[in-house]
Structure formats: C-alpha cells, structure tokens
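Raw work-v2.cif, mmCIF, C-alpha atoms, pLDDT in the B column; chains and numbers go by the auth columns:
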```
data_protein
loop_
_atom_site.group_PDB
_atom_site.id
_atom_site.type_symbol
_atom_site.label_atom_id
_atom_site.label_comp_id
_atom_site.label_asym_id
_atom_site.label_seq_id
_atom_site.Cartn_x
_atom_site.Cartn_y
_atom_site.Cartn_z
_atom_site.B_iso_or_equiv
_atom_site.auth_seq_id
_atom_site.auth_asym_id
ATOM 1 C CA MET A 1 -21.796 75.551 19.153 96.00 1 A
ATOM 2 C CA ILE A 2 -22.825 78.807 20.853 98.00 2 A
ATOM 3 C CA ILE A 3 -22.990 82.246 19.224 98.00 3 A
ATOM 4 C CA ASP A 4 -23.565 85.247 21.455 98.00 4 A
ATOM 5 C CA PHE A 5 -25.261 87.778 19.194 98.00 5 A
ATOM 6 C CA HIS A 6 -25.286 90.611 21.749 98.00 6 A
ATOM 7 C CA ALA A 7 -21.996 91.526 23.439 98.00 7 A
ATOM 8 C CA HIS A 8 -20.179 94.793 24.088 97.00 8 A
ATOM 9 C CA LEU A 9 -16.590 95.904 24.428 96.00 9 A
ATOM 10 C CA PHE A 10 -14.663 99.170 24.298 95.00 10 A
ATOM 11 C CA PRO A 11 -11.127 100.333 23.502 94.00 11 A
ATOM 12 C CA ASP A 12 -8.911 99.613 26.504 93.00 12 A
ATOM 13 C CA SER A 13 -8.391 103.323 27.124 90.00 13 A
ATOM 14 C CA LEU A 14 -12.161 103.822 27.519 90.00 14 A
ATOM 15 C CA ALA A 15 -13.272 100.556 29.091 91.00 15 A
ATOM 16 C CA PHE A 16 -11.819 101.247 32.509 91.00 16 A
ATOM 17 C CA ARG A 17 -13.841 104.468 32.736 90.00 17 A
ATOM 18 C CA THR A 18 -16.937 103.349 30.861 91.00 18 A
ATOM 19 C CA ILE A 19 -17.756 100.164 32.760 94.00 19 A
ATOM 20 C CA PRO A 20 -17.750 101.783 36.241 94.00 20 A
ATOM 21 C CA HIS A 21 -19.837 104.670 34.853 91.00 21 A
ATOM 22 C CA LEU A 22 -22.422 102.297 33.389 90.00 22 A
ATOM 23 C CA GLN A 23 -22.381 100.207 36.548 89.00 23 A
ATOM 24 C CA ARG A 24 -23.401 103.269 38.549 92.00 24 A
ATOM 25 C CA ILE A 25 -26.332 103.801 36.171 89.00 25 A
ATOM 26 C CA CYS A 26 -27.644 100.229 36.093 88.00 26 A
ATOM 27 C CA GLY A 27 -26.540 98.869 39.435 89.00 27 A
ATOM 28 C CA LEU A 28 -25.502 95.545 37.879 90.00 28 A
ATOM 29 C CA THR A 29 -22.208 93.795 38.567 92.00 29 A
ATOM 30 C CA PRO A 30 -20.280 93.447 35.300 93.00 30 A
ATOM 31 C CA THR A 31 -19.078 90.048 34.138 92.00 31 A
ATOM 32 C CA SER A 32 -16.202 91.562 32.156 92.00 32 A
ATOM 33 C CA ASP A 33 -14.060 94.705 32.300 94.00 33 A
ATOM 34 C CA GLY A 34 -15.262 95.618 28.816 94.00 34 A
ATOM 35 C CA THR A 35 -12.003 94.971 26.958 96.00 35 A
ATOM 36 C CA ARG A 36 -11.419 92.741 23.948 97.00 36 A
ATOM 37 C CA ASP A 37 -8.919 90.480 25.703 96.00 37 A
ATOM 38 C CA THR A 38 -11.191 89.899 28.663 97.00 38 A
ATOM 39 C CA LEU A 39 -14.206 89.186 26.457 97.00 39 A
ATOM 40 C CA LEU A 40 -12.207 86.600 24.518 97.00 40 A
ATOM 41 C CA ALA A 41 -11.008 85.022 27.763 97.00 41 A
ATOM 42 C CA ARG A 42 -14.570 84.897 29.116 96.00 42 A
ATOM 43 C CA MET A 43 -15.786 83.340 25.863 97.00 43 A
ATOM 44 C CA GLU A 44 -13.160 80.631 26.198 97.00 44 A
ATOM 45 C CA ARG A 45 -14.162 79.954 29.804 96.00 45 A
ATOM 46 C CA TRP A 46 -17.892 79.976 29.080 96.00 46 A
ATOM 47 C CA GLY A 47 -17.722 77.933 25.887 96.00 47 A
ATOM 48 C CA VAL A 48 -18.886 80.665 23.505 98.00 48 A
ATOM 49 C CA ASP A 49 -17.552 80.083 20.002 98.00 49 A
ATOM 50 C CA LEU A 50 -18.385 83.441 18.400 98.00 50 A
ATOM 51 C CA ALA A 51 -19.584 86.809 19.665 98.00 51 A
ATOM 52 C CA VAL A 52 -21.261 89.585 17.704 98.00 52 A
ATOM 53 C CA VAL A 53 -20.169 92.870 19.269 98.00 53 A
ATOM 54 C CA GLN A 54 -22.643 95.742 19.304 98.00 54 A
ATOM 55 C CA HIS A 55 -21.418 99.363 19.311 97.00 55 A
ATOM 56 C CA ILE A 56 -23.247 102.598 20.162 96.00 56 A
ATOM 57 C CA ALA A 57 -22.351 106.158 19.138 97.00 57 A
ATOM 58 C CA THR A 58 -23.938 108.379 21.766 96.00 58 A
ATOM 59 C CA LYS A 59 -22.836 111.520 19.877 97.00 59 A
ATOM 60 C CA PRO A 60 -22.739 112.094 16.107 97.00 60 A
ATOM 61 C CA HIS A 61 -19.013 112.839 15.968 96.00 61 A
ATOM 62 C CA GLN A 62 -18.177 109.439 17.512 96.00 62 A
ATOM 63 C CA GLN A 63 -19.563 107.208 14.805 97.00 63 A
ATOM 64 C CA GLN A 64 -16.653 107.057 12.371 98.00 64 A
ATOM 65 C CA THR A 65 -14.066 106.360 15.083 97.00 65 A
ATOM 66 C CA ILE A 66 -16.276 103.689 16.649 98.00 66 A
ATOM 67 C CA ASN A 67 -16.916 102.002 13.313 98.00 67 A
ATOM 68 C CA ASP A 68 -13.214 101.972 12.468 98.00 68 A
ATOM 69 C CA PHE A 69 -12.578 100.352 15.860 98.00 69 A
ATOM 70 C CA ALA A 70 -15.334 97.799 15.198 98.00 70 A
ATOM 71 C CA ALA A 71 -13.794 96.889 11.855 98.00 71 A
ATOM 72 C CA SER A 72 -10.411 96.350 13.533 97.00 72 A
ATOM 73 C CA LEU A 73 -11.914 93.787 15.921 97.00 73 A
ATOM 74 C CA GLN A 74 -13.364 91.376 13.390 96.00 74 A
ATOM 75 C CA GLY A 75 -11.626 88.044 13.245 94.00 75 A
ATOM 76 C CA GLU A 76 -11.985 84.369 14.014 91.00 76 A
ATOM 77 C CA LYS A 77 -13.980 84.852 17.238 97.00 77 A
ATOM 78 C CA LEU A 78 -15.620 88.266 16.770 98.00 78 A
ATOM 79 C CA ARG A 79 -18.035 89.870 14.357 98.00 79 A
ATOM 80 C CA CYS A 80 -19.224 93.449 14.774 98.00 80 A
ATOM 81 C CA PHE A 81 -22.169 95.705 14.083 98.00 81 A
ATOM 82 C CA GLY A 82 -21.440 99.334 13.397 98.00 82 A
ATOM 83 C CA THR A 83 -23.360 102.322 14.685 98.00 83 A
ATOM 84 C CA VAL A 84 -24.893 105.487 13.258 98.00 84 A
ATOM 85 C CA HIS A 85 -26.265 108.492 15.131 98.00 85 A
ATOM 86 C CA PRO A 86 -29.547 109.809 13.704 97.00 86 A
ATOM 87 C CA ASP A 87 -28.443 113.413 14.336 97.00 87 A
ATOM 88 C CA SER A 88 -25.338 113.087 12.180 97.00 88 A
ATOM 89 C CA PRO A 89 -25.363 114.840 8.803 95.00 89 A
ATOM 90 C CA GLU A 90 -26.267 112.416 6.003 95.00 90 A
ATOM 91 C CA PRO A 91 -26.333 109.320 8.237 97.00 91 A
ATOM 92 C CA GLU A 92 -26.967 107.134 5.215 98.00 92 A
ATOM 93 C CA LYS A 93 -23.386 107.790 4.082 98.00 93 A
ATOM 94 C CA GLU A 94 -22.074 106.233 7.297 98.00 94 A
ATOM 95 C CA VAL A 95 -24.339 103.239 6.734 98.00 95 A
ATOM 96 C CA GLU A 96 -22.728 102.843 3.314 98.00 96 A
ATOM 97 C CA ARG A 97 -19.277 103.058 4.933 98.00 97 A
ATOM 98 C CA ILE A 98 -20.281 100.414 7.495 98.00 98 A
ATOM 99 C CA HIS A 99 -21.164 98.150 4.599 98.00 99 A
ATOM 100 C CA ARG A 100 -17.820 98.812 2.894 98.00 100 A
ATOM 101 C CA LEU A 101 -15.980 98.066 6.150 98.00 101 A
ATOM 102 C CA GLY A 102 -17.542 94.619 6.203 98.00 102 A
ATOM 103 C CA LEU A 103 -19.476 95.160 9.421 98.00 103 A
ATOM 104 C CA LYS A 104 -22.506 92.936 9.876 98.00 104 A
ATOM 105 C CA GLY A 105 -25.244 95.445 10.674 98.00 105 A
ATOM 106 C CA VAL A 106 -26.146 98.614 12.561 98.00 106 A
ATOM 107 C CA LYS A 107 -26.840 98.885 16.287 98.00 107 A
ATOM 108 C CA LEU A 108 -29.186 101.624 17.503 98.00 108 A
ATOM 109 C CA HIS A 109 -29.911 102.430 21.140 98.00 109 A
ATOM 110 C CA PRO A 110 -32.737 104.994 21.075 98.00 110 A
ATOM 111 C CA ASP A 111 -32.434 105.794 24.792 97.00 111 A
ATOM 112 C CA TYR A 112 -28.707 106.525 24.723 96.00 112 A
ATOM 113 C CA GLN A 113 -28.920 108.236 21.341 97.00 113 A
ATOM 114 C CA GLY A 114 -31.897 110.416 22.280 96.00 114 A
ATOM 115 C CA PHE A 115 -34.479 109.587 19.616 98.00 115 A
ATOM 116 C CA PHE A 116 -37.668 107.574 19.318 98.00 116 A
ATOM 117 C CA ALA A 117 -37.292 104.503 17.127 98.00 117 A
ATOM 118 C CA ASP A 118 -40.167 105.573 14.872 98.00 118 A
ATOM 119 C CA ASP A 119 -38.987 109.190 14.511 97.00 119 A
ATOM 120 C CA PRO A 120 -38.768 109.994 10.770 97.00 120 A
ATOM 121 C CA LYS A 121 -35.331 111.504 11.292 97.00 121 A
ATOM 122 C CA ALA A 122 -34.003 107.933 11.509 98.00 122 A
ATOM 123 C CA ASP A 123 -35.633 106.943 8.218 98.00 123 A
ATOM 124 C CA PRO A 124 -32.490 107.539 6.113 98.00 124 A
ATOM 125 C CA ILE A 125 -30.708 104.961 8.275 98.00 125 A
ATOM 126 C CA TYR A 126 -33.474 102.412 7.860 98.00 126 A
ATOM 127 C CA GLU A 127 -33.744 102.975 4.120 98.00 127 A
ATOM 128 C CA ALA A 128 -29.979 102.653 3.620 98.00 128 A
ATOM 129 C CA CYS A 129 -29.843 99.478 5.727 98.00 129 A
ATOM 130 C CA ARG A 130 -32.745 97.986 3.791 98.00 130 A
ATOM 131 C CA ALA A 131 -31.111 98.799 0.469 98.00 131 A
ATOM 132 C CA LEU A 132 -27.782 97.268 1.527 98.00 132 A
ATOM 133 C CA GLY A 133 -29.236 94.256 3.340 98.00 133 A
ATOM 134 C CA LEU A 134 -27.812 95.302 6.707 98.00 134 A
ATOM 135 C CA PRO A 135 -29.771 94.234 9.801 98.00 135 A
ATOM 136 C CA VAL A 136 -30.663 96.849 12.426 98.00 136 A
ATOM 137 C CA LEU A 137 -30.440 95.761 16.059 98.00 137 A
ATOM 138 C CA PHE A 138 -32.438 97.900 18.483 98.00 138 A
ATOM 139 C CA HIS A 139 -32.200 98.069 22.213 98.00 139 A
ATOM 140 C CA ALA A 140 -35.898 97.376 22.729 98.00 140 A
ATOM 141 C CA GLY A 141 -38.046 98.278 25.711 97.00 141 A
ATOM 142 C CA TRP A 142 -37.100 99.805 29.040 95.00 142 A
ATOM 143 C CA ASP A 143 -33.605 100.977 29.974 92.00 143 A
ATOM 144 C CA TYR A 144 -31.870 102.167 33.140 91.00 144 A
ATOM 145 C CA ILE A 145 -30.732 105.393 31.478 90.00 145 A
ATOM 146 C CA SER A 146 -34.313 106.456 30.709 91.00 146 A
ATOM 147 C CA PRO A 147 -36.571 104.789 33.272 90.00 147 A
ATOM 148 C CA GLU A 148 -39.613 106.988 32.579 92.00 148 A
ATOM 149 C CA VAL A 149 -39.611 106.894 28.762 92.00 149 A
ATOM 150 C CA SER A 150 -38.875 103.923 26.485 92.00 150 A
ATOM 151 C CA HIS A 151 -37.547 105.411 23.265 97.00 151 A
ATOM 152 C CA GLY A 152 -37.316 101.990 21.617 97.00 152 A
ATOM 153 C CA SER A 153 -40.678 100.585 22.664 98.00 153 A
ATOM 154 C CA PRO A 154 -42.026 97.466 20.908 98.00 154 A
ATOM 155 C CA LYS A 155 -44.816 99.620 19.481 98.00 155 A
ATOM 156 C CA ALA A 156 -42.333 102.094 17.963 98.00 156 A
ATOM 157 C CA ILE A 157 -40.202 99.288 16.523 98.00 157 A
ATOM 158 C CA ALA A 158 -43.334 97.721 15.025 98.00 158 A
ATOM 159 C CA ALA A 159 -44.034 101.045 13.298 98.00 159 A
ATOM 160 C CA VAL A 160 -40.564 100.899 11.698 98.00 160 A
ATOM 161 C CA LEU A 161 -41.243 97.326 10.636 98.00 161 A
ATOM 162 C CA ASP A 162 -44.476 98.432 8.969 98.00 162 A
ATOM 163 C CA ARG A 163 -42.895 101.380 7.163 97.00 163 A
ATOM 164 C CA PHE A 164 -39.790 99.572 5.923 98.00 164 A
ATOM 165 C CA LEU A 165 -40.948 96.228 4.605 97.00 165 A
ATOM 166 C CA GLY A 166 -37.959 94.007 3.927 97.00 166 A
ATOM 167 C CA LEU A 167 -35.724 95.664 6.526 98.00 167 A
ATOM 168 C CA THR A 168 -34.177 93.063 8.830 98.00 168 A
ATOM 169 C CA ILE A 169 -34.851 94.154 12.412 98.00 169 A
ATOM 170 C CA ILE A 170 -33.576 92.580 15.617 98.00 170 A
ATOM 171 C CA ALA A 171 -35.481 93.707 18.717 98.00 171 A
ATOM 172 C CA ALA A 172 -33.197 92.831 21.617 98.00 172 A
ATOM 173 C CA HIS A 173 -34.327 91.648 25.047 98.00 173 A
ATOM 174 C CA LEU A 174 -37.188 89.361 23.917 98.00 174 A
ATOM 175 C CA GLY A 175 -38.572 92.237 21.874 98.00 175 A
ATOM 176 C CA GLY A 176 -38.750 94.637 24.803 97.00 176 A
ATOM 177 C CA MET A 177 -36.829 94.719 28.072 96.00 177 A
ATOM 178 C CA ALA A 178 -39.360 94.637 30.936 96.00 178 A
ATOM 179 C CA ARG A 179 -42.088 95.100 28.314 96.00 179 A
ATOM 180 C CA CYS A 180 -43.072 91.492 27.608 96.00 180 A
ATOM 181 C CA LYS A 181 -46.782 92.239 27.316 97.00 181 A
ATOM 182 C CA GLU A 182 -46.169 95.014 24.777 98.00 182 A
ATOM 183 C CA ALA A 183 -43.681 92.859 22.870 98.00 183 A
ATOM 184 C CA LYS A 184 -46.275 90.089 22.565 98.00 184 A
ATOM 185 C CA GLU A 185 -48.847 92.580 21.316 98.00 185 A
ATOM 186 C CA TYR A 186 -46.727 94.312 18.692 98.00 186 A
ATOM 187 C CA LEU A 187 -43.784 92.097 17.708 98.00 187 A
ATOM 188 C CA ILE A 188 -44.063 88.442 18.656 98.00 188 A
ATOM 189 C CA GLY A 189 -45.125 86.322 15.704 97.00 189 A
ATOM 190 C CA ARG A 190 -44.172 89.013 13.206 98.00 190 A
ATOM 191 C CA PRO A 191 -41.165 88.964 10.788 98.00 191 A
ATOM 192 C CA VAL A 192 -38.695 90.421 13.265 98.00 192 A
ATOM 193 C CA TYR A 193 -35.788 88.821 15.105 98.00 193 A
ATOM 194 C CA ILE A 194 -35.588 88.886 18.886 98.00 194 A
ATOM 195 C CA ASP A 195 -32.719 87.957 21.183 98.00 195 A
ATOM 196 C CA THR A 196 -32.651 86.502 24.683 98.00 196 A
ATOM 197 C CA SER A 197 -30.279 89.028 26.230 97.00 197 A
ATOM 198 C CA MET A 198 -30.843 89.765 29.928 96.00 198 A
ATOM 199 C CA ALA A 199 -34.150 87.857 29.955 96.00 199 A
ATOM 200 C CA TRP A 200 -33.247 86.350 33.337 95.00 200 A
ATOM 201 C CA ASN A 201 -33.197 89.867 34.774 93.00 201 A
ATOM 202 C CA PHE A 202 -36.647 91.061 33.640 95.00 202 A
ATOM 203 C CA ALA A 203 -38.851 88.198 32.391 96.00 203 A
ATOM 204 C CA SER A 204 -40.302 85.390 34.453 96.00 204 A
ATOM 205 C CA PRO A 205 -39.616 81.910 33.067 97.00 205 A
ATOM 206 C CA GLU A 206 -43.307 81.644 32.183 97.00 206 A
ATOM 207 C CA GLU A 207 -43.231 84.920 30.217 97.00 207 A
ATOM 208 C CA ALA A 208 -40.029 83.980 28.395 97.00 208 A
ATOM 209 C CA LYS A 209 -41.322 80.531 27.478 98.00 209 A
ATOM 210 C CA ARG A 210 -44.573 81.938 26.079 97.00 210 A
ATOM 211 C CA ILE A 211 -42.678 84.435 23.953 98.00 211 A
ATOM 212 C CA LEU A 212 -40.137 81.926 22.646 98.00 212 A
ATOM 213 C CA LEU A 213 -42.761 79.319 21.783 98.00 213 A
ATOM 214 C CA HIS A 214 -45.018 81.797 19.994 97.00 214 A
ATOM 215 C CA HIS A 215 -42.342 83.462 17.879 98.00 215 A
ATOM 216 C CA ASP A 216 -40.921 82.301 14.550 98.00 216 A
ATOM 217 C CA PRO A 217 -38.291 79.696 15.580 98.00 217 A
ATOM 218 C CA GLN A 218 -36.032 80.913 12.757 98.00 218 A
ATOM 219 C CA ARG A 219 -35.936 84.434 14.246 98.00 219 A
ATOM 220 C CA ILE A 220 -34.684 83.937 17.806 98.00 220 A
ATOM 221 C CA LEU A 221 -31.040 84.592 18.721 98.00 221 A
ATOM 222 C CA TYR A 222 -29.044 83.929 21.851 98.00 222 A
ATOM 223 C CA GLY A 223 -27.505 87.050 23.364 98.00 223 A
ATOM 224 C CA SER A 224 -25.884 87.750 26.720 97.00 224 A
ATOM 225 C CA ASP A 225 -25.470 91.558 26.745 97.00 225 A
ATOM 226 C CA CYS A 226 -21.995 90.950 28.198 96.00 226 A
ATOM 227 C CA PRO A 227 -20.564 92.658 30.264 96.00 227 A
ATOM 228 C CA TRP A 228 -23.947 92.761 32.035 95.00 228 A
ATOM 229 C CA GLY A 229 -24.851 89.153 31.410 94.00 229 A
ATOM 230 C CA SER A 230 -23.068 85.917 30.648 94.00 230 A
ATOM 231 C CA LEU A 231 -23.652 82.375 29.493 96.00 231 A
ATOM 232 C CA GLU A 232 -23.163 81.341 33.128 94.00 232 A
ATOM 233 C CA LYS A 233 -26.347 83.263 33.968 94.00 233 A
ATOM 234 C CA ASP A 234 -28.234 82.506 30.754 96.00 234 A
ATOM 235 C CA ARG A 235 -27.787 78.755 30.406 96.00 235 A
ATOM 236 C CA PRO A 236 -29.511 77.691 33.659 97.00 236 A
ATOM 237 C CA TYR A 237 -32.369 80.110 32.937 97.00 237 A
ATOM 238 C CA LEU A 238 -32.848 78.955 29.341 97.00 238 A
ATOM 239 C CA ASP A 239 -32.343 75.243 30.091 97.00 239 A
ATOM 240 C CA ALA A 240 -34.998 75.407 32.801 97.00 240 A
ATOM 241 C CA LEU A 241 -37.604 76.553 30.246 97.00 241 A
ATOM 242 C CA GLY A 242 -37.714 73.033 28.824 97.00 242 A
ATOM 243 C CA LEU A 243 -37.833 74.167 25.207 98.00 243 A
ATOM 244 C CA PRO A 244 -37.538 71.595 22.386 97.00 244 A
ATOM 245 C CA GLU A 245 -33.961 70.624 21.550 97.00 245 A
ATOM 246 C CA ASP A 246 -34.282 71.606 17.900 97.00 246 A
ATOM 247 C CA LEU A 247 -35.492 75.075 18.907 98.00 247 A
ATOM 248 C CA MET A 248 -32.587 75.502 21.319 98.00 248 A
ATOM 249 C CA GLU A 249 -30.111 74.579 18.568 98.00 249 A
ATOM 250 C CA LYS A 250 -31.595 77.333 16.438 98.00 250 A
ATOM 251 C CA ILE A 251 -31.353 79.805 19.324 98.00 251 A
ATOM 252 C CA TRP A 252 -27.827 78.866 20.363 98.00 252 A
ATOM 253 C CA PHE A 253 -26.240 79.085 16.919 98.00 253 A
ATOM 254 C CA LYS A 254 -28.150 78.052 13.787 98.00 254 A
ATOM 255 C CA ASN A 255 -30.214 81.222 13.378 98.00 255 A
ATOM 256 C CA ALA A 256 -27.160 83.396 13.999 98.00 256 A
ATOM 257 C CA LEU A 257 -25.113 81.580 11.375 98.00 257 A
ATOM 258 C CA ALA A 258 -27.900 82.036 8.837 98.00 258 A
ATOM 259 C CA LEU A 259 -28.290 85.729 9.647 98.00 259 A
ATOM 260 C CA LEU A 260 -24.540 86.307 9.431 97.00 260 A
ATOM 261 C CA GLY A 261 -24.382 84.372 6.169 95.00 261 A
ATOM 262 C CA GLU A 262 -21.777 81.962 7.528 91.00 262 A
#
```
So that I can check it, write out the structure of this file as structure tokens.
Amino acid sequence: MIIDFHAHLFPDSLAFRTIPHLQRICGLTPTSDGTRDTLLARMERWGVDLAVVQHIATKPHQQQTINDFAASLQGEKLRCFGTVHPDSPEPEKEVERIHRLGLKGVKLHPDYQGFFADDPKADPIYEACRALGLPVLFHAGWDYISPEVSHGSPKAIAAVLDRFLGLTIIAAHLGGMARCKEAKEYLIGRPVYIDTSMAWNFASPEEAKRILLHHDPQRILYGSDCPWGSLEKDRPYLDALGLPEDLMEKIWFKNALALLGE
C-alpha cells in the first residue's frame, strides 16, 4: 500500500490558470494538470492507494471557500487538510469549522501566506489545532516564491514545537526544503513528523539517508508534492537509499494510516 500524504489539486476552473502560473515561478514541469480527475488517474497509474490533499489560502477571504471545496473532495481515495490564513479575523473559528467539516488537519505555507511560522499572530491557529487534535502541516524550508527569506525555517518551526507542546506538527520536505543541515539541527530526532516530498530535487541521497535514519521511524511520511513530484520520481530515489524494509513500510503507508486514524 502507498499513501501520498502531500498532494495538491484545485477546482477545474482554477487549475488551468494556477498550474501554468506556478510553473513560471518554480520552473518545474508539472506531473498533473492540478485537477481532481487527473490526480485520481495518476494515482491509478502510479499505484498510489490514497492521497492526502493539502490546500493553501493565500488571502484571508479565500479560506472558507477552499475548505468547503476540500470537504467536497473527501472520499474513498482522497483525504484533505483545510487551510487558515493567519491574517483572517478570529482564525481559530475557521479551525473549529475545519474540524466540523471532517478535514484531517491544517496546511500552512508561511511563504505564500506572508508570515513567519513562529510569529505570535499564528498562535490562535496552533492553540485551536492542539485543542482539537488537528495536525498542522508546514511547508518547511526554502521556497521558489521567496528565495531570499524562508518564512517556515526549521528553526522557526522548532520554536512553535517548543511553545505548543502536544501539537502535532508535520514539517514537509524532510523538515526543510534545501535546508537539510538546519533541519538536522532543529527538528530531526524531535517529536515532529517529516515527509519526503521533493527530496530528490534538493537533498543528496546521502543527506536524505542520514535524516531518515536519525529520525523517529514512526514520524516519517511519504509525500510527492504532486503536481510537482510523483511516485515515478520518488520511488527510484527512495529505493536507492537502501533503507530497512520495515522502515519503508512505515514511510509508504503505516505511519500515515496511524496519523489519519484509519
């Protein structure tokens, strides 16, 4: 079984504008057109059994519409995280609505949302997620949209971890995209989840192997970051690391099932 804990899609009416726009920013060739139907077709082709779709509100007024859309997607093959913008009024109320909608957590992208992960203005989100048992997934480390400043640095995420004991945090991209050294210093070995998304694009096999072998084996998730990655790219990279079979089973699906409560 394979669970992709880090995928993206958009309403059809937006996907055909959004994907080319993001492609111009990152320079990567997408593996999907960003629609639900194409993601499901790619999952079938790649052998992915379940995908957890991550959503991002880049403006406060978007969050309710995006979360309603996320709730509409959930089914046999898809689970979804909702999103909250830290600049929205009373963001904790939207966290509570996410919980009522049955969404599985909250995705935050500090670079696209224009805040630092450890900024106190996001504290109401963290406190509400902790109280409701909702995981928070951060884009961690460097990003194409903000090449000079990492708003979700491993150090900043570690500060959130310290302030909100008991909050379930997932630091995507091995704990910090293109920031492996900082991730090892501040996050690896601590009670935080990481995912493998886009590791092939920014971490040498040696760096990735060191991180994965030195982190809690119960807190590593497979993620593709589709439409920018895919299992076709990830499997050869991960298989070549020569990690123990029992660890790879945890990464491919067991840890995700436990985190999702399924």
Exercise. Which residue out of A:Ile2, A:Val84, A:Ala117, A:Ala70 has the minimum interatomic distance to Leu101 of chain A when all atoms listed in the file are used?
Worked result: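 Between A:Ile2, A:Val84, A:Ala117, A:Ala70, the residue approaching Leu101 of chain A most closely is A:Ala70.
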Exercise. What does the PyMOL selection byres ((chain A and resi 40) around 12) select in this file, as a ChimeraX atom specification?
Worked result: /A:4,7-9,32-39,41-53,73,75-78,226-227
Could you pull out every residue with an atom within 12 Å of (-44.0, 97.6, 22.2), file coordinates, counting all atoms listed in the file, and send them as a PDB file with C-alpha atoms, in the coordinates of the input?
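The resulting file, out_4.pdb, is reproduced below:
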```pdb
ATOM      1  CA  ALA A 117     -37.292 104.503  17.127  1.00 98.00           C
ATOM      2  CA  ASP A 118     -40.167 105.573  14.872  1.00 98.00           C
ATOM      3  CA  HIS A 139     -32.200  98.069  22.213  1.00 98.00           C
ATOM      4  CA  ALA A 140     -35.898  97.376  22.729  1.00 98.00           C
ATOM      5  CA  GLY A 141     -38.046  98.278  25.711  1.00 97.00           C
ATOM      6  CA  TRP A 142     -37.100  99.805  29.040  1.00 95.00           C
ATOM      7  CA  SER A 150     -38.875 103.923  26.485  1.00 92.00           C
ATOM      8  CA  HIS A 151     -37.547 105.411  23.265  1.00 97.00           C
ATOM      9  CA  GLY A 152     -37.316 101.990  21.617  1.00 97.00           C
ATOM     10  CA  SER A 153     -40.678 100.585  22.664  1.00 98.00           C
ATOM     11  CA  PRO A 154     -42.026  97.466  20.908  1.00 98.00           C
ATOM     12  CA  LYS A 155     -44.816  99.620  19.481  1.00 98.00           C
ATOM     13  CA  ALA A 156     -42.333 102.094  17.963  1.00 98.00           C
ATOM     14  CA  ILE A 157     -40.202  99.288  16.523  1.00 98.00           C
ATOM     15  CA  ALA A 158     -43.334  97.721  15.025  1.00 98.00           C
ATOM     16  CA  ALA A 159     -44.034 101.045  13.298  1.00 98.00           C
ATOM     17  CA  VAL A 160     -40.564 100.899  11.698  1.00 98.00           C
ATOM     18  CA  LEU A 161     -41.243  97.326  10.636  1.00 98.00           C
ATOM     19  CA  ALA A 171     -35.481  93.707  18.717  1.00 98.00           C
ATOM     20  CA  ALA A 172     -33.197  92.831  21.617  1.00 98.00           C
ATOM     21  CA  HIS A 173     -34.327  91.648  25.047  1.00 98.00           C
ATOM     22  CA  LEU A 174     -37.188  89.361  23.917  1.00 98.00           C
ATOM     23  CA  GLY A 175     -38.572  92.237  21.874  1.00 98.00           C
ATOM     24  CA  GLY A 176     -38.750  94.637  24.803  1.00 97.00           C
ATOM     25  CA  MET A 177     -36.829  94.719  28.072  1.00 96.00           C
ATOM     26  CA  ALA A 178     -39.360  94.637  30.936  1.00 96.00           C
ATOM     27  CA  ARG A 179     -42.088  95.100  28.314  1.00 96.00           C
ATOM     28  CA  CYS A 180     -43.072  91.492  27.608  1.00 96.00           C
ATOM     29  CA  LYS A 181     -46.782  92.239  27.316  1.00 97.00           C
ATOM     30  CA  GLU A 182     -46.169  95.014  24.777  1.00 98.00           C
ATOM     31  CA  ALA A 183     -43.681  92.859  22.870  1.00 98.00           C
ATOM     32  CA  LYS A 184     -46.275  90.089  22.565  1.00 98.00           C
ATOM     33  CA  GLU A 185     -48.847  92.580  21.316  1.00 98.00           C
ATOM     34  CA  TYR A 186     -46.727  94.312  18.692  1.00 98.00           C
ATOM     35  CA  LEU A 187     -43.784  92.097  17.708  1.00 98.00           C
ATOM     36  CA  ILE A 188     -44.063  88.442  18.656  1.00 98.00           C
TER      37      ILE A 188
END
```
For this session: Enumerate, as a ChimeraX atom specification, the residues matched when the PyMOL selection byres ((chain A and resi 71) around 8) is run on the file above.
Result: /A:67-70,72-74,80,101-103
If you take every atom of segment 47-55 of chain A that the file lists and fit an axis-aligned box around them with 3 Å extra on each side, what centre and edge lengths come out in Å to one decimal, as AutoDock Vina command-line options?
```
--center_x -20.1 --center_y 88.6 --center_z 21.8 --size_x 11.1 --size_y 27.4 --size_z 14.2
```
